[in-house]
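Peer 1: The following file, final.cif, comprises mmCIF, C-alpha atoms and all ligand atoms:
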```cif
data_structure
loop_
_atom_site.label_atom_id
_atom_site.label_comp_id
_atom_site.auth_asym_id
_atom_site.auth_seq_id
_atom_site.Cartn_x
_atom_site.Cartn_y
_atom_site.Cartn_z
CA MET A 1 81.12 -51.91 22.98
CA SER A 2 84.36 -50.13 24.22
CA LYS A 3 87.30 -48.92 22.12
CA SER A 4 89.76 -51.23 23.88
CA SER A 5 87.68 -54.36 23.16
CA SER A 6 87.43 -53.44 19.46
CA ARG A 7 91.26 -52.98 19.33
CA GLN A 8 91.64 -56.37 21.03
CA LYS A 9 89.31 -57.92 18.46
CA MET A 10 91.37 -56.38 15.64
CA ALA A 11 94.54 -57.92 17.14
CA TYR A 12 92.93 -61.35 17.41
CA GLY A 13 91.75 -61.02 13.84
CA LEU A 14 95.29 -60.24 12.66
CA ILE A 15 96.66 -63.26 14.56
CA VAL A 16 94.03 -65.55 13.01
CA ILE A 17 94.84 -64.22 9.51
CA LEU A 18 98.58 -64.70 10.16
CA VAL A 19 98.12 -68.31 11.38
CA LEU A 20 95.89 -69.11 8.40
CA SER A 21 98.43 -67.63 5.96
CA ILE A 22 101.24 -69.74 7.48
CA LEU A 23 99.06 -72.85 7.20
CA VAL A 24 98.18 -72.13 3.56
CA MET A 25 101.86 -71.66 2.71
CA ALA A 26 102.82 -74.84 4.57
CA LEU A 27 100.01 -76.98 3.06
CA PRO A 28 101.86 -78.22 -0.05
CA LYS A 29 104.57 -79.61 2.24
CA ILE A 30 102.10 -81.26 4.63
CA LEU A 31 99.84 -82.85 1.95
CA PRO A 32 101.27 -85.32 -0.59
CA LYS A 33 101.58 -84.14 -4.17
CA LYS A 34 98.80 -85.25 -6.50
CA ASP A 35 101.05 -87.68 -8.36
CA THR A 36 102.46 -89.31 -5.24
CA PRO A 37 101.62 -93.02 -5.49
CA VAL A 38 99.29 -94.07 -2.73
CA THR A 39 99.55 -97.65 -1.54
CA PRO A 40 96.13 -98.89 -0.51
CA VAL A 41 95.89 -100.79 2.74
CA VAL A 42 93.71 -103.46 1.07
CA PRO A 43 94.64 -104.28 -2.55
CA ALA A 44 91.66 -103.66 -4.83
CA VAL A 45 91.02 -107.17 -6.17
CA SER A 46 87.30 -107.22 -6.63
CA VAL A 47 86.31 -109.47 -9.50
CA ASP A 48 82.95 -109.11 -11.11
CA VAL A 49 82.31 -112.32 -13.02
CA PRO A 50 79.50 -111.93 -15.53
CA ALA A 51 76.73 -114.51 -15.62
CA PHE A 52 77.17 -117.28 -18.18
CA SER A 53 73.84 -118.06 -19.82
CA GLY A 54 73.01 -121.75 -20.18
CA ASP A 55 69.97 -120.80 -22.26
CA SER A 56 72.13 -118.90 -24.71
CA ALA A 57 74.59 -121.81 -24.88
CA PHE A 58 71.67 -124.16 -25.54
CA VAL A 59 70.64 -122.04 -28.53
CA TYR A 60 74.18 -122.44 -29.92
CA VAL A 61 73.95 -126.22 -29.51
CA LYS A 62 70.59 -126.26 -31.29
CA LYS A 63 71.87 -124.11 -34.13
CA GLN A 64 74.73 -126.55 -34.80
CA VAL A 65 72.51 -129.62 -34.56
CA ASP A 66 70.02 -127.98 -36.95
CA PHE A 67 72.69 -128.01 -39.65
CA GLY A 68 72.72 -131.82 -39.37
CA PRO A 69 75.77 -134.01 -38.71
CA ARG A 70 78.90 -131.88 -39.25
CA VAL A 71 81.03 -134.53 -40.91
CA PRO A 72 84.04 -133.03 -42.73
CA GLY A 73 83.33 -132.66 -46.43
CA SER A 74 79.52 -132.58 -46.04
CA PRO A 75 77.29 -129.59 -46.94
CA ALA A 76 76.19 -129.31 -43.28
CA HIS A 77 79.83 -129.08 -42.27
CA LYS A 78 80.41 -126.26 -44.75
CA SER A 79 77.34 -124.30 -43.62
CA CYS A 80 78.24 -124.69 -39.96
CA ALA A 81 81.80 -123.50 -40.61
CA ALA A 82 80.47 -120.33 -42.23
CA TRP A 83 78.13 -119.75 -39.27
CA LEU A 84 80.94 -120.28 -36.74
CA VAL A 85 83.19 -117.79 -38.53
CA ALA A 86 80.36 -115.24 -38.74
CA SER A 87 79.47 -115.75 -35.06
CA PHE A 88 83.02 -115.25 -33.86
CA LYS A 89 83.29 -112.11 -35.99
CA LYS A 90 79.98 -110.85 -34.59
CA TYR A 91 81.47 -111.12 -31.10
CA GLY A 92 84.43 -109.01 -32.16
CA LEU A 93 87.00 -111.76 -32.58
CA THR A 94 89.74 -111.81 -35.20
CA VAL A 95 89.16 -115.05 -37.07
CA ILE A 96 91.64 -117.35 -38.78
CA GLU A 97 90.43 -120.29 -40.83
CA GLN A 98 92.95 -123.08 -41.12
CA PRO A 99 91.96 -125.51 -43.88
CA PHE A 100 93.72 -128.88 -44.09
CA LYS A 101 93.31 -132.36 -45.50
CA ALA A 102 92.12 -134.77 -42.84
CA LYS A 103 93.61 -138.16 -43.58
CA ALA A 104 91.05 -140.43 -41.96
CA TYR A 105 91.43 -144.20 -41.86
CA PHE A 106 88.80 -144.49 -44.62
CA GLY A 107 89.88 -141.60 -46.87
CA THR A 108 90.95 -137.97 -47.09
CA LEU A 109 88.44 -135.22 -46.26
CA ASP A 110 88.42 -131.43 -46.44
CA ALA A 111 88.56 -130.04 -42.93
CA VAL A 112 89.11 -126.64 -41.30
CA ASN A 113 90.15 -125.47 -37.85
CA ILE A 114 88.45 -122.19 -36.89
CA ILE A 115 90.33 -119.88 -34.57
CA GLY A 116 88.73 -116.80 -32.99
CA GLN A 117 91.15 -114.44 -31.23
CA TYR A 118 89.98 -112.08 -28.49
CA LYS A 119 92.41 -109.14 -28.20
CA PRO A 120 95.11 -110.80 -30.34
CA GLU A 121 97.56 -108.01 -29.47
CA LEU A 122 97.81 -108.97 -25.79
CA PRO A 123 100.74 -111.21 -24.75
CA ASN A 124 98.92 -112.85 -21.82
CA ARG A 125 96.59 -115.48 -23.25
CA ILE A 126 94.28 -118.38 -22.42
CA LEU A 127 93.35 -121.13 -24.88
CA LEU A 128 89.79 -122.45 -24.95
CA CYS A 129 89.06 -125.28 -27.37
CA ALA A 130 86.52 -127.86 -28.47
CA HIS A 131 85.95 -130.00 -31.54
CA TRP A 132 83.25 -128.84 -33.90
CA ASP A 133 82.90 -131.88 -36.16
CA SER A 134 80.51 -134.71 -35.42
CA ARG A 135 81.22 -138.40 -35.85
CA HIS A 136 80.72 -139.95 -39.29
CA ILE A 137 79.25 -143.20 -37.93
CA ALA A 138 77.14 -144.36 -34.98
CA ASP A 139 79.34 -147.32 -34.23
CA LYS A 140 78.10 -147.73 -30.65
CA ASP A 141 74.42 -147.73 -31.65
CA THR A 142 72.39 -150.86 -32.31
CA LYS A 143 70.92 -149.47 -35.54
CA ASP A 144 71.98 -147.21 -38.40
CA GLN A 145 75.55 -147.69 -37.34
CA ASP A 146 76.83 -146.50 -40.70
CA LYS A 147 75.01 -143.15 -40.46
CA PRO A 148 76.60 -140.00 -38.97
CA ILE A 149 75.49 -138.72 -35.56
CA LEU A 150 74.16 -135.28 -34.62
CA GLY A 151 76.76 -134.85 -31.88
CA ALA A 152 74.71 -132.47 -29.73
CA ASP A 153 76.89 -133.32 -26.75
CA ASP A 154 79.92 -134.76 -28.56
CA GLY A 155 80.97 -131.66 -30.45
CA ALA A 156 78.23 -129.01 -30.32
CA SER A 157 78.16 -128.57 -26.51
CA GLY A 158 81.84 -127.62 -26.27
CA VAL A 159 81.57 -125.18 -29.16
CA ALA A 160 78.47 -123.66 -27.54
CA VAL A 161 80.47 -122.92 -24.37
CA LEU A 162 83.13 -121.19 -26.50
CA LEU A 163 80.54 -119.07 -28.31
CA GLU A 164 78.77 -117.94 -25.15
CA MET A 165 82.13 -117.12 -23.56
CA ALA A 166 83.02 -115.02 -26.61
CA ARG A 167 79.70 -113.20 -26.30
CA ILE A 168 80.13 -112.34 -22.62
CA LEU A 169 83.74 -111.25 -23.17
CA GLN A 170 82.52 -108.76 -25.75
CA GLN A 171 79.98 -107.41 -23.27
CA ASN A 172 82.35 -107.49 -20.28
CA PRO A 173 85.84 -106.79 -21.61
CA VAL A 174 88.98 -107.98 -19.81
CA GLU A 175 92.64 -107.22 -20.35
CA TYR A 176 93.51 -110.80 -21.16
CA GLY A 177 93.82 -112.45 -24.55
CA VAL A 178 91.62 -115.47 -25.19
CA ASP A 179 91.93 -117.80 -28.16
CA PHE A 180 88.92 -119.88 -29.10
CA ILE A 181 89.89 -122.85 -31.23
CA CYS A 182 87.31 -125.09 -32.86
CA PHE A 183 89.24 -128.16 -33.92
CA ASP A 184 87.93 -130.13 -36.85
CA ALA A 185 88.12 -133.89 -37.55
CA GLU A 186 88.44 -134.96 -33.94
CA ASP A 187 85.93 -137.75 -34.21
CA LEU A 188 86.88 -139.62 -37.40
CA GLY A 189 88.91 -142.15 -35.45
CA ASP A 190 88.96 -145.88 -35.86
CA GLU A 191 87.23 -147.34 -32.80
CA ARG A 192 89.30 -150.48 -33.23
CA THR A 193 92.16 -148.27 -32.08
CA PRO A 194 91.34 -147.01 -28.63
CA SER A 195 89.92 -143.54 -28.09
CA SER A 196 89.93 -144.06 -24.37
CA ASP A 197 92.75 -145.99 -22.98
CA ALA A 198 94.57 -146.14 -19.69
CA SER A 199 97.99 -146.32 -21.26
CA ILE A 200 98.13 -143.74 -24.03
CA MET A 201 101.49 -142.49 -22.83
CA ALA A 202 102.93 -145.98 -22.95
CA GLN A 203 101.56 -146.38 -26.46
CA SER A 204 102.56 -142.99 -27.75
CA GLY A 205 105.55 -144.50 -29.52
CA GLY A 206 103.09 -146.26 -31.82
CA ASN A 207 100.27 -144.88 -33.90
CA THR A 208 97.36 -146.58 -32.20
CA THR A 209 95.68 -143.32 -31.18
CA GLU A 210 96.57 -141.12 -34.12
CA THR A 211 93.39 -141.68 -36.13
CA TRP A 212 91.60 -139.34 -33.70
CA CYS A 213 92.01 -135.57 -33.22
CA LEU A 214 93.28 -134.80 -36.73
CA GLY A 215 92.53 -131.07 -36.39
CA SER A 216 94.50 -130.57 -33.20
CA GLN A 217 97.31 -132.69 -34.64
CA TYR A 218 97.42 -130.41 -37.67
CA TRP A 219 97.20 -127.21 -35.61
CA SER A 220 99.93 -128.30 -33.19
CA GLN A 221 102.28 -128.70 -36.16
CA ASN A 222 101.04 -125.57 -37.96
CA LEU A 223 100.33 -123.03 -35.23
CA HIS A 224 98.10 -120.14 -36.34
CA LYS A 225 100.84 -117.85 -35.03
CA PRO A 226 104.48 -118.98 -35.01
CA GLY A 227 105.63 -119.63 -31.46
CA TYR A 228 102.07 -119.32 -30.13
CA LYS A 229 101.91 -119.49 -26.34
CA ALA A 230 99.13 -119.38 -23.78
CA HIS A 231 99.36 -119.62 -20.00
CA PHE A 232 97.01 -122.58 -20.02
CA GLY A 233 94.25 -124.18 -21.99
CA ILE A 234 90.86 -125.76 -21.36
CA LEU A 235 89.28 -128.32 -23.69
CA PHE A 236 85.50 -128.84 -23.54
CA ASP A 237 84.25 -132.22 -24.75
CA MET A 238 80.77 -133.52 -24.01
CA VAL A 239 79.95 -130.77 -21.52
CA GLY A 240 76.19 -130.47 -22.04
CA ALA A 241 74.42 -133.77 -21.33
CA SER A 242 71.91 -134.20 -18.58
CA GLY A 243 73.47 -136.10 -15.67
CA ALA A 244 77.01 -135.21 -16.74
CA LYS A 245 79.97 -135.71 -14.46
CA PHE A 246 83.47 -134.44 -15.01
CA PRO A 247 86.09 -136.60 -13.30
CA ARG A 248 89.75 -135.59 -13.24
CA GLU A 249 90.93 -136.89 -16.59
CA GLY A 250 94.25 -138.75 -16.55
CA ILE A 251 96.39 -136.85 -19.08
CA SER A 252 95.24 -133.52 -17.60
CA MET A 253 96.27 -134.76 -14.16
CA LEU A 254 99.63 -135.90 -15.48
CA LYS A 255 100.48 -132.79 -17.51
CA ALA A 256 98.44 -129.92 -16.00
CA PRO A 257 97.59 -130.90 -12.42
CA GLU A 258 97.75 -127.37 -10.97
CA PHE A 259 95.15 -126.17 -13.47
CA VAL A 260 92.91 -129.16 -12.84
CA ASN A 261 93.13 -128.35 -9.15
CA LYS A 262 92.37 -124.68 -9.77
CA ILE A 263 89.35 -125.35 -11.99
CA TRP A 264 87.89 -128.04 -9.74
CA ALA A 265 88.41 -125.79 -6.69
CA VAL A 266 86.46 -122.97 -8.38
CA ALA A 267 83.70 -125.45 -9.23
CA ALA A 268 83.52 -126.59 -5.61
CA GLU A 269 83.44 -122.98 -4.41
CA LEU A 270 80.49 -122.29 -6.74
CA GLY A 271 78.72 -125.37 -5.37
CA PHE A 272 79.14 -127.48 -8.52
CA ASP A 273 81.15 -130.32 -7.00
CA ASP A 274 78.34 -132.72 -7.89
CA LEU A 275 79.36 -132.07 -11.50
CA PHE A 276 83.12 -131.59 -11.15
CA VAL A 277 83.82 -134.69 -9.12
CA ASN A 278 87.13 -135.54 -7.53
CA THR A 279 87.22 -139.03 -9.00
CA PRO A 280 90.29 -139.80 -11.10
CA ALA A 281 89.59 -141.01 -14.64
CA GLY A 282 91.72 -142.83 -17.20
CA GLN A 283 93.71 -141.10 -19.91
CA ILE A 284 91.62 -140.02 -22.89
CA THR A 285 92.99 -139.47 -26.37
CA ASP A 286 91.57 -136.03 -26.90
CA ASP A 287 92.63 -132.75 -28.48
CA HIS A 288 94.38 -131.59 -25.28
CA TYR A 289 96.92 -134.40 -25.66
CA PHE A 290 98.00 -133.12 -29.09
CA VAL A 291 97.88 -129.47 -27.97
CA MET A 292 100.31 -130.32 -25.18
CA ARG A 293 102.46 -132.55 -27.36
CA GLY A 294 102.89 -129.71 -29.87
CA THR A 295 103.06 -126.64 -27.63
CA ASN A 296 103.56 -127.64 -23.98
CA ILE A 297 100.65 -125.35 -23.06
CA PRO A 298 99.19 -127.09 -20.00
CA THR A 299 95.68 -127.99 -21.11
CA VAL A 300 92.85 -129.49 -19.07
CA ASP A 301 90.16 -131.71 -20.57
CA ILE A 302 86.72 -131.13 -19.08
CA ILE A 303 85.07 -134.25 -20.45
CA GLY A 304 81.75 -135.84 -19.60
CA MET A 305 82.12 -139.30 -18.10
CA PRO A 306 78.94 -139.84 -16.07
CA LYS A 307 79.44 -143.44 -15.07
CA SER A 308 81.12 -145.01 -12.11
CA PRO A 309 83.93 -145.90 -12.64
CA PRO A 310 84.25 -143.01 -15.13
CA MET A 311 83.15 -143.90 -18.65
CA PHE A 312 81.40 -142.09 -21.47
CA GLY A 313 77.59 -141.84 -21.32
CA ASP A 314 75.21 -144.23 -23.09
CA HIS A 315 74.61 -141.66 -25.83
CA HIS A 316 78.29 -141.66 -26.82
CA HIS A 317 78.69 -142.32 -30.57
CA THR A 318 75.01 -143.21 -30.96
CA HIS A 319 71.99 -141.46 -32.47
CA PHE A 320 70.85 -140.67 -28.93
CA ASP A 321 73.43 -137.89 -28.89
CA ASN A 322 70.78 -135.37 -29.94
CA LEU A 323 69.19 -132.21 -28.56
CA THR A 324 66.92 -134.06 -26.10
CA ILE A 325 69.85 -134.98 -23.84
CA ILE A 326 71.18 -131.42 -23.56
CA ASP A 327 70.74 -129.72 -20.17
CA ASN A 328 71.02 -125.92 -20.09
CA ASP A 329 72.04 -126.04 -16.46
CA VAL A 330 75.02 -128.31 -17.12
CA LEU A 331 76.16 -125.90 -19.86
CA ARG A 332 75.65 -122.97 -17.48
CA LYS A 333 77.72 -124.51 -14.69
CA VAL A 334 80.61 -125.44 -16.98
CA GLY A 335 80.53 -121.94 -18.44
CA GLN A 336 80.29 -120.19 -15.07
CA VAL A 337 83.31 -122.08 -13.76
CA THR A 338 85.25 -121.13 -16.90
CA ALA A 339 84.19 -117.48 -16.72
CA THR A 340 85.27 -117.34 -13.08
CA VAL A 341 88.67 -118.82 -13.92
CA ILE A 342 89.19 -116.32 -16.77
CA TYR A 343 88.04 -113.17 -14.98
CA ARG A 344 90.10 -114.03 -11.90
CA ALA A 345 93.17 -114.73 -14.01
CA ALA A 346 92.70 -111.34 -15.67
CA ALA A 347 92.27 -109.60 -12.29
CA GLN A 348 95.53 -111.11 -11.07
CA LEU A 349 97.36 -109.39 -13.91
CA ARG A 350 96.12 -105.95 -12.85
ZN ZN A 401 83.32 -138.53 -30.06
#
```
Just dump the structure as structure tokens.
Peer 2:
Amino acid sequence: MSKSSSRQKMAYGLIVILVLSILVMALPKILPKKDTPVTPVVPAVSVDVPAFSGDSAFVYVKKQVDFGPRVPGSPAHKSCAAWLVASFKKYGLTVIEQPFKAKAYFGTLDAVNIIGQYKPELPNRILLCAHWDSRHIADKDTKDQDKPILGADDGASGVAVLLEMARILQQNPVEYGVDFICFDAEDLGDERTPSSDASIMAQSGGNTTETWCLGSQYWSQNLHKPGYKAHFGILFDMVGASGAKFPREGISMLKAPEFVNKIWAVAAELGFDDLFVNTPAGQITDDHYFVMRGTNIPTVDIIGMPKSPPMFGDHHHTHFDNLTIIDNDVLRKVGQVTATVIYRAAAQLR
């Protein structure tokens, strides 16, 4: 190795060091600062929707039915109320009990709406509701018409969907408030005044439908929080029977069509369009009507009407509305559609 080549090497080395030093000094100007907001090319909207368990929902139906008919004022009703409150609390909800006197056509009964609030501090909210009472008579049965029904589908199935949703929300938290309302005294109505009628709106000046849905009527006039608002609501009524079909109920289509469309589109996407059918149905006097009348929260009634044209199933208001007609898979599909709607709505807020 010659002297000249080692001097040359030293010069190259100096140049390399100089260039590197310039680069190091210039780096902060070339690279963005750490706190510079970076706009992603593709917005990160990946939504993981947890699995809704139909088996778990079935257990909640069974538990309610095991209490016996939950007619307001009865011991079974009282025990079930205590269990509902405890269950909601177990799933981390803030619970409000709203007792009231249900003035039925045959007398006045002690009733209570049970409200479970998920993240009550959040302003963005969804309302999920069902009725938790069961009918005091089996007026559509051929025998024991004066005895109360178990209401496995008509009552317990909707509440079961709420409970399972509360459970999966606790396990898979979202930044969205959800209010679970179990309305009482929905099913004490006088069948001689229509519970399902194609012209409820036309009749709403009269009182022909007001013997039904006493809990939602009370709540809508005595909101659990003054000025309560939710972006939208879903009512679950008879959502667990084998062979169920959910047509597009008339009042929902009139007052909340965009949410009906959204929910039914999600169902179709999940492959459940055999259940969530596109058939229009008549207007049903149900809790969603009174929720909307009192609050204007657009509320969709997912209600089992398996016949063609849409009508309630044969078990409706009979003693056949028991555990044997409940299908875990129907509960699962209703719940999975609802979970998808909720988790997507929450993702859109991010
Ligand atoms: Zn009913």
Peer 1: In terms of the shortest atom-to-atom distance over all atoms listed in the file, which of A:Val47, A:Ala130, A:Val266, A:Val337 is closest to ligand ZN 401 (chain A)?
Peer 2: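 Closest to ligand ZN 401 (chain A) of all the choices is A:Ala130.
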Peer 1: Kindly compile the residues surrounding ligand ZN 401 (chain A) within 8 Å, counting all atoms listed in the file, and format them as a CSV table (one decimal) with C-alpha atoms, in the coordinates of the input.
Peer 2:
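Heads up, here's the output in out32.csv:
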```csv
chain,number,residue,atom,x,y,z
A,134,SER,CA,80.5,-134.7,-35.4
A,135,ARG,CA,81.2,-138.4,-35.8
A,151,GLY,CA,76.8,-134.8,-31.9
A,154,ASP,CA,79.9,-134.8,-28.6
A,155,GLY,CA,81.0,-131.7,-30.4
A,186,GLU,CA,88.4,-135.0,-33.9
A,187,ASP,CA,85.9,-137.8,-34.2
A,316,HIS,CA,78.3,-141.7,-26.8
A,317,HIS,CA,78.7,-142.3,-30.6
```
Peer 1: Pick out the closest residue to A:Gly227 from this set: A:Cys213, A:Leu254, A:Pro123, A:Met305. Count only C-alpha atoms.
Peer 2: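 Distance minimum relative to A:Gly227 lands on A:Pro123.
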Peer 1: Write out as a ChimeraX atom specification which residues come within 10 Å of A:Lys255 when counting all atoms listed in the file, dropping same-chain ones fewer than 6 positions away.
Peer 2: /A:288-289,292,296-300
Peer 1: When you draw a straight line from atom CA of A:Asp329 to atom CA of A:Leu275, how long is it in Å?
Peer 2: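 Atom CA of A:Leu275 lies at a distance of 10.7 Å from atom CA of A:Asp329.
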Peer 1: Could you work out how far atom CA of A:Asp321 lies from atom CA of A:Asp144, giving the answer in Å with one decimal?
Peer 2: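 So the two atoms, atom CA of A:Asp144 and atom CA of A:Asp321, lie 13.4 Å apart.
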Peer 1: Given the choices A:Ala345, A:Val85, A:Leu169, A:Met311, which gets closest to A:Ile263 if the distance is worked out from all atoms listed in the file?
Peer 2: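 The answer is A:Ala345, which sits nearest to A:Ile263.
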Peer 1: Would you compute the distance between atom CA of A:Gln171 and atom CA of A:Val260? Give it in Å to one decimal.
Peer 2: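 One can read the atom CA of A:Gln171 to atom CA of A:Val260 distance as 27.4 Å.
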Peer 1: If we count all atoms listed in the file, what is near A:Lys245 at a cut-off of 9 Å, once residues fewer than 5 positions away on the same chain are taken out, given as a list of chain:residue names?
Peer 2: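 With the cut-off at 9 Å, the set is A:Val239, A:Asp274, A:Leu275, A:Phe276, A:Val277, A:Ile303, A:Gly304, A:Met305, A:Pro306, A:Lys307, A:Pro310.
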Peer 1: Of the residues A:Gly177, A:Pro72, A:Gly335, A:Gly116, which is the one nearest to A:Ala57, using only C-alpha atoms?
Peer 2: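 Of the candidates, the smallest distance to A:Ala57 is held by A:Gly335.
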Peer 1: Just checking: using all atoms listed in the file, which residue out of A:Thr142, A:Leu84, A:Glu175, A:Asp301 ends up closest to A:Lys63?
Peer 2: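 Using all atoms listed in the file, A:Lys63 sits closest to A:Leu84.
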Peer 1: Which one is closest to A:Met238: A:Gly158, A:Pro280, A:Gly215, A:Pro257? Count all atoms listed in the file.
Peer 2: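 Once distances to A:Met238 are computed over all atoms listed in the file, the minimum belongs to A:Gly158.
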Peer 1: For A:Arg332, work out the shell of residues within 10 Å, counting all atoms listed in the file and skipping chain neighbours fewer than 5 positions away, then give it as number ranges by chain.
Peer 2: A: 51-58, 161, 164, 239-240, 327, 337-338
Peer 1: Around stretch 299-310 of chain A, fit a box with edges along x, y and z, padding it by 3 Å on each side, then list its centre and edge lengths in Å to one decimal as JSON.
Peer 2:
```
{"center_x": 87.3, "center_y": -136.9, "center_z": -16.6, "size_x": 22.7, "size_y": 23.9, "size_z": 15.0}
```
Peer 1: Applying 10 Å and only C-alpha atoms, which residues near A:Gln117 remain after dropping the ones on its own chain fewer than 3 positions away? List them as a PyMOL selection string.
Peer 2: chain A and resi 88-89+92-96+114+120-121+125+127+166+177-181
Peer 1: Can you fill out stretch 322-342 of chain A with N, CA and C atoms and hand it back as a short mmCIF file (atom, residue, chain, number, x, y, z; two decimals), keeping the file's coordinate frame?
Peer 2:
```cif
data_model
loop_
_atom_site.label_atom_id
_atom_site.label_comp_id
_atom_site.auth_asym_id
_atom_site.auth_seq_id
_atom_site.Cartn_x
_atom_site.Cartn_y
_atom_site.Cartn_z
N ASN A 322 71.55 -136.41 -29.26
CA ASN A 322 70.78 -135.37 -29.94
C ASN A 322 70.33 -134.31 -28.93
N LEU A 323 69.54 -133.37 -29.39
CA LEU A 323 69.19 -132.21 -28.56
C LEU A 323 68.46 -132.57 -27.26
N THR A 324 67.74 -133.72 -27.27
CA THR A 324 66.92 -134.06 -26.10
C THR A 324 67.76 -134.35 -24.86
N ILE A 325 69.04 -134.66 -25.02
CA ILE A 325 69.85 -134.98 -23.84
C ILE A 325 70.58 -133.74 -23.30
N ILE A 326 70.44 -132.61 -23.98
CA ILE A 326 71.18 -131.42 -23.56
C ILE A 326 70.47 -130.71 -22.40
N ASP A 327 71.25 -130.37 -21.38
CA ASP A 327 70.74 -129.72 -20.17
C ASP A 327 71.38 -128.33 -20.05
N ASN A 328 70.52 -127.30 -20.17
CA ASN A 328 71.02 -125.92 -20.09
C ASN A 328 71.83 -125.66 -18.82
N ASP A 329 71.40 -126.31 -17.74
CA ASP A 329 72.04 -126.04 -16.46
C ASP A 329 73.46 -126.62 -16.38
N VAL A 330 73.66 -127.75 -17.05
CA VAL A 330 75.02 -128.31 -17.12
C VAL A 330 75.92 -127.35 -17.91
N LEU A 331 75.40 -126.87 -19.05
CA LEU A 331 76.16 -125.90 -19.86
C LEU A 331 76.48 -124.65 -19.03
N ARG A 332 75.47 -124.19 -18.30
CA ARG A 332 75.65 -122.97 -17.48
C ARG A 332 76.75 -123.16 -16.43
N LYS A 333 76.74 -124.29 -15.76
CA LYS A 333 77.72 -124.51 -14.69
C LYS A 333 79.15 -124.61 -15.24
N VAL A 334 79.28 -125.33 -16.35
CA VAL A 334 80.61 -125.44 -16.98
C VAL A 334 81.09 -124.05 -17.39
N GLY A 335 80.18 -123.28 -17.99
CA GLY A 335 80.53 -121.94 -18.44
C GLY A 335 80.84 -120.99 -17.30
N GLN A 336 80.07 -121.11 -16.21
CA GLN A 336 80.29 -120.19 -15.07
C GLN A 336 81.63 -120.46 -14.40
N VAL A 337 82.00 -121.73 -14.30
CA VAL A 337 83.31 -122.08 -13.76
C VAL A 337 84.41 -121.48 -14.65
N THR A 338 84.24 -121.63 -15.95
CA THR A 338 85.25 -121.13 -16.90
C THR A 338 85.34 -119.61 -16.83
N ALA A 339 84.20 -118.95 -16.80
CA ALA A 339 84.19 -117.48 -16.72
C ALA A 339 84.90 -117.02 -15.45
N THR A 340 84.64 -117.71 -14.35
CA THR A 340 85.27 -117.34 -13.08
C THR A 340 86.79 -117.49 -13.17
N VAL A 341 87.23 -118.58 -13.75
CA VAL A 341 88.67 -118.82 -13.92
C VAL A 341 89.29 -117.69 -14.77
N ILE A 342 88.63 -117.33 -15.86
CA ILE A 342 89.19 -116.32 -16.77
C ILE A 342 89.21 -114.93 -16.13
#
```
